[in-house]
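Colleague: Dropping the structure in here first, questions after.
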Amino acid sequence: MASTQVNPTRMELTRLKKKLATAVKGHRLLKDKRDELMREFLDLVRENMALRRKVEEGIRRANTNFVVARAGMSEEMLRTAVMAPRQEVLLEQGVRNVMSVDIPVFTAKMRTPDPSDIYSYGFAFTSGDLDDAVKSLSDVLPDMLRLAETEKSCQLMAAEIEKTRRRVNALEHVIIPETKSGIRYITMKLDENERSTQIRLMKVKDMMLEEAHGYKKKQEA
Amino acid sequence: MYKIAVMGEYDSIYGFATLGLDTFPVSGREEARSTLRRLAEGNYGIIYMTEALAAELPEDLERYGGQLVPAIIRIPGVHGNTGAGIQGVKDSVEKAVGSDILFGGEA
């Protein structure tokens, strides 16, 4: 604390003591927040990884199916087939609060409840492989939505954990030690002042007694 | 009510149109950028983007990373999986924990 200037006064001491109490309380709270966030995050990120592997595998399979479908149809035919979709996915977005982090909750709604509405084309002029491809992609969709939710949540929580960790560290390693050494400095300075006042008083008393009674002269005589 | 968008090269994404997602085939960085901005400011809650395209727009993804919506999610394209999506999950673990303690050993 020697680097920064502190006024060695009682008022400053009281202020620093209050600051220390707040910092310690804040540190404890933030640490709890960090631990809880971390716990939630680890669960979520494991789920995220599992979903991602599943979705990537599903999309890979669907893509293979689409390549096969494409091989059996003309380019124009395919483009026309997928041009006017009958199904539409609408997304309702809610917010869940985990330890002051807002994370999204997505609920998907299909415009029509009929599961066969994903086939937006007539079956007469398209290959059966296209049906398989569309079906395989449609099977992945629920996982994809869930993936979007968890992955976004993980990103937001990771950012918040990083921020909280920095705060905890700053409090633990900078603010609290600095305040403590400031308090020590002031206490010592005040004690020192008190001692020096004491000595001064004793000295003055000696001088006054000397003047009143003149011990030294009596001794010499 | 939000909608869902899919961005990438046409071959990778046309299938999603049948499911009722809005597909936006883009080619080239600038076009992708302006489309992404339009979608993000528009009514899209989730934007799925092929890994190849996402690799070209790292700053833009970072800009939307801190916001609640849109969630920009990388998906593998028709040309195969680059591993960028998995890497993204590992990155967030690394950001939160300090090092990748969960999936470090896995490929």
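Residues in the structure tokens are named by chain (A, B, ... in the order shown) and by number from 1 within that chain; ligands are numbered from 1 in the order shown.
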What residues in chain B have any atom no more than 7 Å from chain A when counting only C-alpha atoms, and can you write them as an MDAnalysis selection string?
Modeller: chainID B and resid 1:3 15 17:21 46 66 68 71 73 75:76 78 89 92:93 95:96
Colleague: From a DSSP pass on the backbone, collect the residues of segment 17-92 of chain B flagged as strand (DSSP E or B) and hand them back as a VMD selection string.
Modeller: chain B and resid 22 to 25 44 to 50 71 to 75 77 80
Colleague: Save the residues we just selected, C-alpha atoms, as a CSV table (one decimal), in the first residue's frame?
Modeller:
```csv
chain,number,residue,atom,x,y,z
B,22,ASP,CA,-35.7,-20.2,-44.4
B,23,THR,CA,-32.7,-20.8,-46.5
B,24,PHE,CA,-30.3,-18.1,-47.7
B,25,PRO,CA,-27.8,-19.4,-50.2
B,44,TYR,CA,-34.4,-14.6,-36.8
B,45,GLY,CA,-33.8,-16.4,-33.5
B,46,ILE,CA,-31.5,-19.1,-34.8
B,47,ILE,CA,-29.2,-18.9,-37.7
B,48,TYR,CA,-27.6,-22.1,-38.8
B,49,MET,CA,-24.5,-21.6,-40.8
B,50,THR,CA,-22.2,-24.0,-42.6
B,71,ALA,CA,-28.0,-17.9,-31.8
B,72,ILE,CA,-25.6,-18.6,-34.7
B,73,ILE,CA,-24.9,-22.3,-34.8
B,74,ARG,CA,-22.3,-24.0,-37.1
B,75,ILE,CA,-23.4,-27.1,-39.0
B,77,GLY,CA,-21.8,-28.6,-45.0
B,80,GLY,CA,-17.7,-32.7,-44.9
```
Colleague: Give me, as JSON, numbers by chain, all polymer residues having an atom no more than 9 Å from Ser27 of chain B, counting only C-alpha atoms and skipping those fewer than 6 positions away in the same chain.
Modeller: {"B": [8, 9, 10, 53]}
Colleague: Filtering to C-alpha atoms, could you give me those residues as a compact mmCIF listing (two decimals), in the first residue's frame?
Modeller:
```txt
# COMPACT_ATOMS: atom_id res chain seq x y z
CA GLY B 8 -24.41 -21.49 -46.64
CA GLU B 9 -23.74 -22.63 -50.17
CA TYR B 10 -26.85 -23.85 -51.97
CA LEU B 53 -19.00 -19.99 -44.25
```
Colleague: Looking only at helix (DSSP H, G or I) from DSSP on the backbone, list the matching residues of segment 2-218 of chain A as an mmCIF file with C-alpha atoms, in the first residue's frame.
Modeller:
```cif
data_model
loop_
_atom_site.group_PDB
_atom_site.id
_atom_site.type_symbol
_atom_site.label_atom_id
_atom_site.label_comp_id
_atom_site.auth_asym_id
_atom_site.auth_seq_id
_atom_site.Cartn_x
_atom_site.Cartn_y
_atom_site.Cartn_z
ATOM 1 C CA ARG A 10 -9.405 7.866 11.813
ATOM 2 C CA MET A 11 -11.989 8.738 9.210
ATOM 3 C CA GLU A 12 -9.956 7.070 6.489
ATOM 4 C CA LEU A 13 -9.473 4.048 8.746
ATOM 5 C CA THR A 14 -13.221 3.665 9.237
ATOM 6 C CA ARG A 15 -13.744 4.037 5.496
ATOM 7 C CA LEU A 16 -11.161 1.381 4.690
ATOM 8 C CA LYS A 17 -12.589 -1.005 7.252
ATOM 9 C CA LYS A 18 -16.020 -0.637 5.700
ATOM 10 C CA LYS A 19 -14.524 -1.180 2.273
ATOM 11 C CA LEU A 20 -12.791 -4.339 3.450
ATOM 12 C CA ALA A 21 -15.991 -5.731 4.919
ATOM 13 C CA THR A 22 -17.832 -5.079 1.639
ATOM 14 C CA ALA A 23 -15.014 -6.562 -0.420
ATOM 15 C CA VAL A 24 -14.905 -9.729 1.669
ATOM 16 C CA LYS A 25 -18.655 -10.129 1.474
ATOM 17 C CA GLY A 26 -18.627 -9.480 -2.266
ATOM 18 C CA HIS A 27 -15.803 -11.915 -2.746
ATOM 19 C CA ARG A 28 -17.674 -14.654 -0.962
ATOM 20 C CA LEU A 29 -20.844 -14.034 -2.953
ATOM 21 C CA LEU A 30 -19.041 -13.910 -6.292
ATOM 22 C CA LYS A 31 -17.167 -17.070 -5.461
ATOM 23 C CA ASP A 32 -20.451 -18.833 -4.754
ATOM 24 C CA LYS A 33 -21.856 -17.492 -8.001
ATOM 25 C CA ARG A 34 -18.843 -18.729 -9.914
ATOM 26 C CA ASP A 35 -19.060 -22.202 -8.397
ATOM 27 C CA GLU A 36 -22.754 -22.523 -9.118
ATOM 28 C CA LEU A 37 -22.368 -21.234 -12.677
ATOM 29 C CA MET A 38 -19.541 -23.654 -13.231
ATOM 30 C CA ARG A 39 -21.629 -26.566 -12.025
ATOM 31 C CA GLU A 40 -24.490 -25.673 -14.356
ATOM 32 C CA PHE A 41 -22.092 -24.979 -17.184
ATOM 33 C CA LEU A 42 -20.353 -28.344 -16.967
ATOM 34 C CA ASP A 43 -23.670 -30.187 -17.133
ATOM 35 C CA LEU A 44 -24.804 -28.071 -20.039
ATOM 36 C CA VAL A 45 -21.590 -28.300 -21.998
ATOM 37 C CA ARG A 46 -21.559 -32.095 -21.754
ATOM 38 C CA GLU A 47 -25.064 -32.120 -23.182
ATOM 39 C CA ASN A 48 -23.959 -29.641 -25.820
ATOM 40 C CA MET A 49 -21.126 -31.882 -26.936
ATOM 41 C CA ALA A 50 -23.340 -34.962 -27.097
ATOM 42 C CA LEU A 51 -25.985 -33.092 -29.096
ATOM 43 C CA ARG A 52 -23.410 -31.652 -31.443
ATOM 44 C CA ARG A 53 -21.978 -35.057 -32.240
ATOM 45 C CA LYS A 54 -25.466 -36.408 -32.805
ATOM 46 C CA VAL A 55 -26.513 -33.492 -35.016
ATOM 47 C CA GLU A 56 -23.322 -33.522 -37.050
ATOM 48 C CA GLU A 57 -23.688 -37.226 -37.628
ATOM 49 C CA GLY A 58 -27.354 -36.781 -38.571
ATOM 50 C CA ILE A 59 -26.629 -33.965 -40.991
ATOM 51 C CA ARG A 60 -23.798 -35.940 -42.520
ATOM 52 C CA ARG A 61 -26.148 -38.831 -43.143
ATOM 53 C CA ALA A 62 -28.827 -36.524 -44.521
ATOM 54 C CA ASN A 63 -26.317 -34.882 -46.831
ATOM 55 C CA THR A 64 -25.279 -38.254 -48.188
ATOM 56 C CA ASN A 65 -28.935 -38.999 -48.846
ATOM 57 C CA PHE A 66 -29.354 -35.690 -50.618
ATOM 58 C CA VAL A 67 -26.371 -36.403 -52.832
ATOM 59 C CA VAL A 68 -27.919 -39.734 -53.775
ATOM 60 C CA ALA A 69 -31.278 -38.052 -54.420
ATOM 61 C CA ARG A 70 -29.622 -35.459 -56.555
ATOM 62 C CA ALA A 71 -27.899 -38.091 -58.628
ATOM 63 C CA GLU A 75 -31.103 -30.209 -61.241
ATOM 64 C CA GLU A 76 -34.217 -28.244 -62.277
ATOM 65 C CA MET A 77 -36.521 -30.904 -60.960
ATOM 66 C CA LEU A 78 -34.835 -30.844 -57.592
ATOM 67 C CA ARG A 79 -34.853 -27.080 -57.320
ATOM 68 C CA THR A 80 -38.524 -26.970 -58.171
ATOM 69 C CA ALA A 81 -39.283 -29.699 -55.659
ATOM 70 C CA VAL A 82 -37.834 -27.779 -52.734
ATOM 71 C CA MET A 83 -38.838 -24.326 -53.932
ATOM 72 C CA PRO A 115 -45.785 -34.579 -40.314
ATOM 73 C CA SER A 116 -46.043 -35.343 -44.017
ATOM 74 C CA ASP A 117 -46.080 -31.653 -44.845
ATOM 75 C CA ILE A 118 -42.316 -31.731 -45.106
ATOM 76 C CA GLY A 128 -37.792 -41.877 -53.685
ATOM 77 C CA ASP A 129 -34.331 -41.046 -52.457
ATOM 78 C CA LEU A 130 -35.388 -37.458 -52.008
ATOM 79 C CA ASP A 131 -38.130 -38.560 -49.613
ATOM 80 C CA ASP A 132 -35.569 -40.473 -47.588
ATOM 81 C CA ALA A 133 -33.259 -37.495 -47.568
ATOM 82 C CA VAL A 134 -35.932 -35.086 -46.415
ATOM 83 C CA LYS A 135 -37.085 -37.545 -43.770
ATOM 84 C CA SER A 136 -33.578 -38.018 -42.433
ATOM 85 C CA LEU A 137 -33.090 -34.274 -42.205
ATOM 86 C CA SER A 138 -36.428 -33.814 -40.505
ATOM 87 C CA ASP A 139 -35.392 -36.384 -37.885
ATOM 88 C CA VAL A 140 -32.416 -34.228 -36.981
ATOM 89 C CA LEU A 141 -34.416 -31.025 -36.595
ATOM 90 C CA PRO A 142 -35.530 -31.432 -32.941
ATOM 91 C CA ASP A 143 -31.937 -32.112 -31.942
ATOM 92 C CA MET A 144 -30.794 -29.131 -33.963
ATOM 93 C CA LEU A 145 -33.155 -26.846 -32.081
ATOM 94 C CA ARG A 146 -32.015 -28.251 -28.769
ATOM 95 C CA LEU A 147 -28.417 -27.803 -29.904
ATOM 96 C CA ALA A 148 -29.013 -24.156 -30.719
ATOM 97 C CA GLU A 149 -30.418 -23.615 -27.260
ATOM 98 C CA THR A 150 -27.644 -25.370 -25.356
ATOM 99 C CA GLU A 151 -24.818 -24.044 -27.467
ATOM 100 C CA LYS A 152 -25.964 -20.453 -27.145
ATOM 101 C CA SER A 153 -26.445 -20.955 -23.401
ATOM 102 C CA CYS A 154 -22.966 -22.412 -23.093
ATOM 103 C CA GLN A 155 -21.443 -19.455 -24.896
ATOM 104 C CA LEU A 156 -23.263 -16.930 -22.747
ATOM 105 C CA MET A 157 -22.432 -18.780 -19.544
ATOM 106 C CA ALA A 158 -18.787 -19.191 -20.502
ATOM 107 C CA ALA A 159 -18.533 -15.437 -20.984
ATOM 108 C CA GLU A 160 -20.191 -14.779 -17.640
ATOM 109 C CA ILE A 161 -17.996 -17.302 -15.826
ATOM 110 C CA GLU A 162 -14.909 -15.686 -17.267
ATOM 111 C CA LYS A 163 -16.085 -12.272 -16.103
ATOM 112 C CA THR A 164 -16.966 -13.539 -12.632
ATOM 113 C CA ARG A 165 -13.652 -15.336 -12.310
ATOM 114 C CA ARG A 166 -11.794 -12.136 -13.112
ATOM 115 C CA ARG A 167 -13.794 -10.259 -10.510
ATOM 116 C CA VAL A 168 -13.168 -12.911 -7.868
ATOM 117 C CA ASN A 169 -9.446 -12.860 -8.617
ATOM 118 C CA ALA A 170 -9.275 -9.072 -8.607
ATOM 119 C CA LEU A 171 -10.971 -8.948 -5.221
ATOM 120 C CA GLU A 172 -8.936 -11.777 -3.765
ATOM 121 C CA HIS A 173 -5.513 -10.759 -5.000
ATOM 122 C CA VAL A 174 -5.704 -6.981 -5.362
ATOM 123 C CA ILE A 175 -8.507 -5.172 -3.575
ATOM 124 C CA ILE A 176 -8.556 -7.153 -0.321
ATOM 125 C CA PRO A 177 -4.759 -7.227 0.268
ATOM 126 C CA GLU A 178 -4.468 -3.550 -0.660
ATOM 127 C CA THR A 179 -7.193 -2.539 1.752
ATOM 128 C CA LYS A 180 -5.716 -4.712 4.485
ATOM 129 C CA SER A 181 -2.291 -3.171 4.130
ATOM 130 C CA GLY A 182 -3.882 0.294 4.053
ATOM 131 C CA ILE A 183 -5.599 -0.450 7.341
ATOM 132 C CA ARG A 184 -2.355 -1.725 8.840
ATOM 133 C CA TYR A 185 -0.505 1.364 7.662
ATOM 134 C CA ILE A 186 -3.053 3.722 9.220
ATOM 135 C CA THR A 187 -3.195 1.809 12.508
ATOM 136 C CA MET A 188 0.550 1.874 12.798
ATOM 137 C CA LYS A 189 0.754 5.526 11.879
ATOM 138 C CA LEU A 190 -1.923 6.395 14.446
ATOM 139 C CA ASP A 191 -0.158 4.347 17.125
ATOM 140 C CA GLU A 192 3.075 6.068 16.257
ATOM 141 C CA ASN A 193 1.440 9.487 16.518
ATOM 142 C CA GLU A 194 -0.026 8.553 19.848
ATOM 143 C CA ARG A 195 3.335 7.445 21.199
ATOM 144 C CA SER A 196 5.003 10.583 19.999
ATOM 145 C CA THR A 197 2.321 12.719 21.670
ATOM 146 C CA GLN A 198 2.816 10.755 24.871
ATOM 147 C CA ILE A 199 6.554 11.329 24.801
ATOM 148 C CA ARG A 200 6.092 14.985 24.025
ATOM 149 C CA LEU A 201 3.755 15.374 26.985
ATOM 150 C CA MET A 202 6.190 13.613 29.308
ATOM 151 C CA LYS A 203 8.962 15.838 28.068
ATOM 152 C CA VAL A 204 6.870 18.981 28.560
ATOM 153 C CA LYS A 205 5.933 17.810 32.047
ATOM 154 C CA ASP A 206 9.590 17.341 32.899
ATOM 155 C CA MET A 207 10.402 20.813 31.648
ATOM 156 C CA MET A 208 7.552 22.391 33.604
ATOM 157 C CA LEU A 209 8.566 20.607 36.794
ATOM 158 C CA GLU A 210 12.120 21.703 36.256
ATOM 159 C CA GLU A 211 10.993 25.288 35.898
ATOM 160 C CA ALA A 212 8.771 25.171 38.991
ATOM 161 C CA HIS A 213 11.060 23.426 41.402
ATOM 162 C CA TYR A 215 15.698 20.231 40.797
ATOM 163 C CA LYS A 216 18.939 20.595 38.855
ATOM 164 C CA LYS A 217 19.998 23.757 40.662
ATOM 165 C CA LYS A 218 19.241 22.162 44.023
#
```
Colleague: Could you pull the residues within 8 Å of Lys90 of chain B, counting only C-alpha atoms, minus those fewer than 2 positions along the same chain, as a ChimeraX atom specification?
Modeller: /B:86-88,92-94,100,103-104
Colleague: Residues of the last selection are to be written out with N, CA and C atoms, as a PDB file, in the first residue's frame.
Modeller:
```
ATOM      1  N   ILE B  86     -17.244 -28.646 -33.167  1.00  0.00           N
ATOM      2  CA  ILE B  86     -16.729 -29.286 -31.953  1.00  0.00           C
ATOM      3  C   ILE B  86     -15.719 -28.353 -31.288  1.00  0.00           C
ATOM      4  N   GLN B  87     -14.887 -27.747 -32.131  1.00  0.00           N
ATOM      5  CA  GLN B  87     -13.876 -26.847 -31.604  1.00  0.00           C
ATOM      6  C   GLN B  87     -14.524 -25.681 -30.856  1.00  0.00           C
ATOM      7  N   GLY B  88     -15.680 -25.222 -31.386  1.00  0.00           N
ATOM      8  CA  GLY B  88     -16.396 -24.118 -30.742  1.00  0.00           C
ATOM      9  C   GLY B  88     -16.820 -24.484 -29.325  1.00  0.00           C
ATOM     10  N   SER B  92     -15.512 -22.833 -25.671  1.00  0.00           N
ATOM     11  CA  SER B  92     -16.269 -22.232 -24.567  1.00  0.00           C
ATOM     12  C   SER B  92     -15.888 -22.888 -23.239  1.00  0.00           C
ATOM     13  N   VAL B  93     -15.531 -24.184 -23.270  1.00  0.00           N
ATOM     14  CA  VAL B  93     -15.037 -24.810 -22.036  1.00  0.00           C
ATOM     15  C   VAL B  93     -13.743 -24.131 -21.610  1.00  0.00           C
ATOM     16  N   GLU B  94     -12.896 -23.875 -22.598  1.00  0.00           N
ATOM     17  CA  GLU B  94     -11.602 -23.277 -22.276  1.00  0.00           C
ATOM     18  C   GLU B  94     -11.788 -21.880 -21.712  1.00  0.00           C
ATOM     19  N   ASP B 100      -9.123 -26.858 -21.316  1.00  0.00           N
ATOM     20  CA  ASP B 100     -10.138 -27.832 -21.710  1.00  0.00           C
ATOM     21  C   ASP B 100      -9.970 -29.112 -20.910  1.00  0.00           C
ATOM     22  N   PHE B 103     -12.948 -32.298 -22.745  1.00  0.00           N
ATOM     23  CA  PHE B 103     -12.828 -33.000 -24.017  1.00  0.00           C
ATOM     24  C   PHE B 103     -11.412 -32.926 -24.549  1.00  0.00           C
ATOM     25  N   GLY B 104     -10.464 -32.592 -23.675  1.00  0.00           N
ATOM     26  CA  GLY B 104      -9.087 -32.378 -24.119  1.00  0.00           C
ATOM     27  C   GLY B 104      -8.482 -33.591 -24.807  1.00  0.00           C
TER      28      GLY B 104
END
```
Colleague: Can you tell me how far atom CA of Ala40 of chain B sits from atom CA of Pro70 of chain B, in Å to one decimal?
Modeller: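 Here the two named atoms are 6.0 Å from each other.
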Colleague: Atom CA of Tyr14 of chain B and atom CA of Gln67 of chain B, how far apart in Å?
Modeller: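 Taking atom CA of Gln67 of chain B and atom CA of Tyr14 of chain B, their separation equals 27.6 Å.
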